[in-house]
Amino acid sequence: MDEYGRIIKGVDAFHYIWKKLDTFHLLQQIYNIGLGKLIMKFSYNSFVKVRPYLPRKRKCDDYCEI
């Protein structure tokens with residue numbers, strides 16, 4: 001959520017965080033290019049669909065509740 005209360009999702013949320021933290025300058029520049037933003041959104045959406053099928057690390061210590 002940004003400072004105006006708008007909910008930001010997906011790649012747009014990453015870009016917002018990168019700008020606020022002043023990090024990942026190369027990715028910010030790629031995002032700012034029209035085709036770069038399109039490619040990043042496509043890649044992110046593809047990953048979101050595949051992520052549930054990828055193995056997860058299951059090692060938990062005291063901080064983990066199952």
# chains A, B, ... in the order shown; residues from 1 in each chain; ligands from 1
>>> select_by_dssp(residues="chain A", states="alpha helix (DSSP H)", output="MDAnalysis selection string")
chainID A and resid 10:21 25:32 34:50
>>> residues_around(residues="Asn45 in chain A", least_positions_apart="5", cutoff="9 Å", atoms="only C-alpha atoms", output="list in words")
Gly10, Val11, Met40 and Val50 of chain A
>>> write_last_selection(atoms="C-alpha atoms", output="short mmCIF file (atom, residue, chain, number, x, y, z; two decimals), in the first residue's frame")
data_model
loop_
_atom_site.label_atom_id
_atom_site.label_comp_id
_atom_site.auth_asym_id
_atom_site.auth_seq_id
_atom_site.Cartn_x
_atom_site.Cartn_y
_atom_site.Cartn_z
CA GLY A 10 2.77 -7.72 -8.55
CA VAL A 11 5.68 -6.15 -10.40
CA MET A 40 8.72 -8.24 -16.16
CA VAL A 50 4.33 -22.22 -11.35
#
>>> residues_around(residues="Tyr16 in chain A", least_positions_apart="4", cutoff="12 Å", atoms="only C-alpha atoms", output="PyMOL selection string")
chain A and resi 1-3+6-12+20-25+27-28+31-32
>>> decode(residues="range 8-47 of chain A", atoms="N, CA and C atoms", output="compact mmCIF listing (two decimals), in the first residue's frame")
# COMPACT_ATOMS: atom_id res chain seq x y z
N ILE A 8 -0.91 -1.75 -4.20
CA ILE A 8 -0.04 -2.01 -5.34
C ILE A 8 0.26 -3.50 -5.35
N LYS A 9 0.14 -4.13 -6.51
CA LYS A 9 0.33 -5.58 -6.61
C LYS A 9 1.36 -5.93 -7.66
N GLY A 10 1.89 -7.15 -7.53
CA GLY A 10 2.77 -7.72 -8.55
C GLY A 10 4.05 -6.94 -8.76
N VAL A 11 4.44 -6.82 -10.02
CA VAL A 11 5.68 -6.15 -10.40
C VAL A 11 5.63 -4.67 -9.99
N ASP A 12 4.46 -4.08 -10.06
CA ASP A 12 4.33 -2.68 -9.66
C ASP A 12 4.70 -2.50 -8.19
N ALA A 13 4.37 -3.48 -7.35
CA ALA A 13 4.73 -3.41 -5.93
C ALA A 13 6.24 -3.51 -5.75
N PHE A 14 6.87 -4.41 -6.51
CA PHE A 14 8.34 -4.51 -6.45
C PHE A 14 8.97 -3.19 -6.84
N HIS A 15 8.49 -2.60 -7.92
CA HIS A 15 9.04 -1.32 -8.38
C HIS A 15 8.88 -0.25 -7.31
N TYR A 16 7.73 -0.20 -6.68
CA TYR A 16 7.47 0.78 -5.62
C TYR A 16 8.47 0.59 -4.47
N ILE A 17 8.67 -0.66 -4.06
CA ILE A 17 9.61 -0.96 -2.97
C ILE A 17 11.03 -0.58 -3.36
N TRP A 18 11.43 -0.93 -4.59
CA TRP A 18 12.78 -0.60 -5.05
C TRP A 18 13.01 0.91 -5.03
N LYS A 19 12.00 1.67 -5.45
CA LYS A 19 12.14 3.14 -5.44
C LYS A 19 12.26 3.66 -4.01
N LYS A 20 11.41 3.16 -3.12
CA LYS A 20 11.42 3.64 -1.74
C LYS A 20 12.74 3.30 -1.04
N LEU A 21 13.28 2.11 -1.31
CA LEU A 21 14.52 1.69 -0.68
C LEU A 21 15.75 2.17 -1.44
N ASP A 22 15.54 2.75 -2.62
CA ASP A 22 16.62 3.20 -3.48
C ASP A 22 17.62 2.07 -3.77
N THR A 23 17.06 0.93 -4.23
CA THR A 23 17.87 -0.24 -4.56
C THR A 23 17.47 -0.75 -5.94
N PHE A 24 18.22 -1.73 -6.43
CA PHE A 24 17.94 -2.39 -7.70
C PHE A 24 17.72 -1.38 -8.83
N HIS A 25 18.69 -0.48 -8.98
CA HIS A 25 18.58 0.59 -9.96
C HIS A 25 18.44 0.07 -11.39
N LEU A 26 19.15 -1.00 -11.72
CA LEU A 26 19.05 -1.56 -13.06
C LEU A 26 17.63 -2.07 -13.33
N LEU A 27 17.05 -2.77 -12.36
CA LEU A 27 15.68 -3.27 -12.53
C LEU A 27 14.68 -2.11 -12.60
N GLN A 28 14.94 -1.04 -11.89
CA GLN A 28 14.08 0.14 -11.98
C GLN A 28 14.12 0.73 -13.38
N GLN A 29 15.31 0.78 -13.97
CA GLN A 29 15.45 1.32 -15.32
C GLN A 29 14.75 0.42 -16.33
N ILE A 30 14.89 -0.89 -16.16
CA ILE A 30 14.22 -1.84 -17.06
C ILE A 30 12.71 -1.67 -16.94
N TYR A 31 12.23 -1.54 -15.73
CA TYR A 31 10.79 -1.37 -15.49
C TYR A 31 10.27 -0.11 -16.19
N ASN A 32 11.06 0.94 -16.17
CA ASN A 32 10.62 2.22 -16.73
C ASN A 32 10.55 2.21 -18.26
N ILE A 33 11.12 1.19 -18.89
CA ILE A 33 11.02 1.05 -20.34
C ILE A 33 9.74 0.25 -20.60
N GLY A 34 8.91 0.71 -21.51
CA GLY A 34 7.62 0.07 -21.77
C GLY A 34 7.72 -1.43 -21.99
N LEU A 35 8.62 -1.86 -22.87
CA LEU A 35 8.77 -3.28 -23.16
C LEU A 35 9.35 -4.03 -21.95
N GLY A 36 10.23 -3.38 -21.21
CA GLY A 36 10.81 -3.99 -20.01
C GLY A 36 9.75 -4.30 -18.97
N LYS A 37 8.85 -3.36 -18.77
CA LYS A 37 7.76 -3.55 -17.81
C LYS A 37 6.86 -4.69 -18.25
N LEU A 38 6.57 -4.77 -19.54
CA LEU A 38 5.74 -5.83 -20.08
C LEU A 38 6.39 -7.20 -19.86
N ILE A 39 7.69 -7.29 -20.13
CA ILE A 39 8.42 -8.55 -19.95
C ILE A 39 8.46 -8.93 -18.47
N MET A 40 8.69 -7.96 -17.60
CA MET A 40 8.72 -8.24 -16.16
C MET A 40 7.36 -8.72 -15.67
N LYS A 41 6.29 -8.13 -16.15
CA LYS A 41 4.95 -8.55 -15.73
C LYS A 41 4.64 -9.95 -16.24
N PHE A 42 5.01 -10.24 -17.47
CA PHE A 42 4.80 -11.57 -18.02
C PHE A 42 5.58 -12.61 -17.22
N SER A 43 6.85 -12.31 -16.92
CA SER A 43 7.69 -13.23 -16.16
C SER A 43 7.13 -13.45 -14.75
N TYR A 44 6.71 -12.38 -14.11
CA TYR A 44 6.17 -12.48 -12.76
C TYR A 44 4.89 -13.32 -12.76
N ASN A 45 4.00 -13.05 -13.69
CA ASN A 45 2.74 -13.79 -13.75
C ASN A 45 2.98 -15.27 -14.05
N SER A 46 3.97 -15.57 -14.88
CA SER A 46 4.32 -16.96 -15.17
C SER A 46 4.84 -17.65 -13.91
N PHE A 47 5.71 -16.95 -13.17
CA PHE A 47 6.26 -17.51 -11.95
C PHE A 47 5.17 -17.78 -10.91
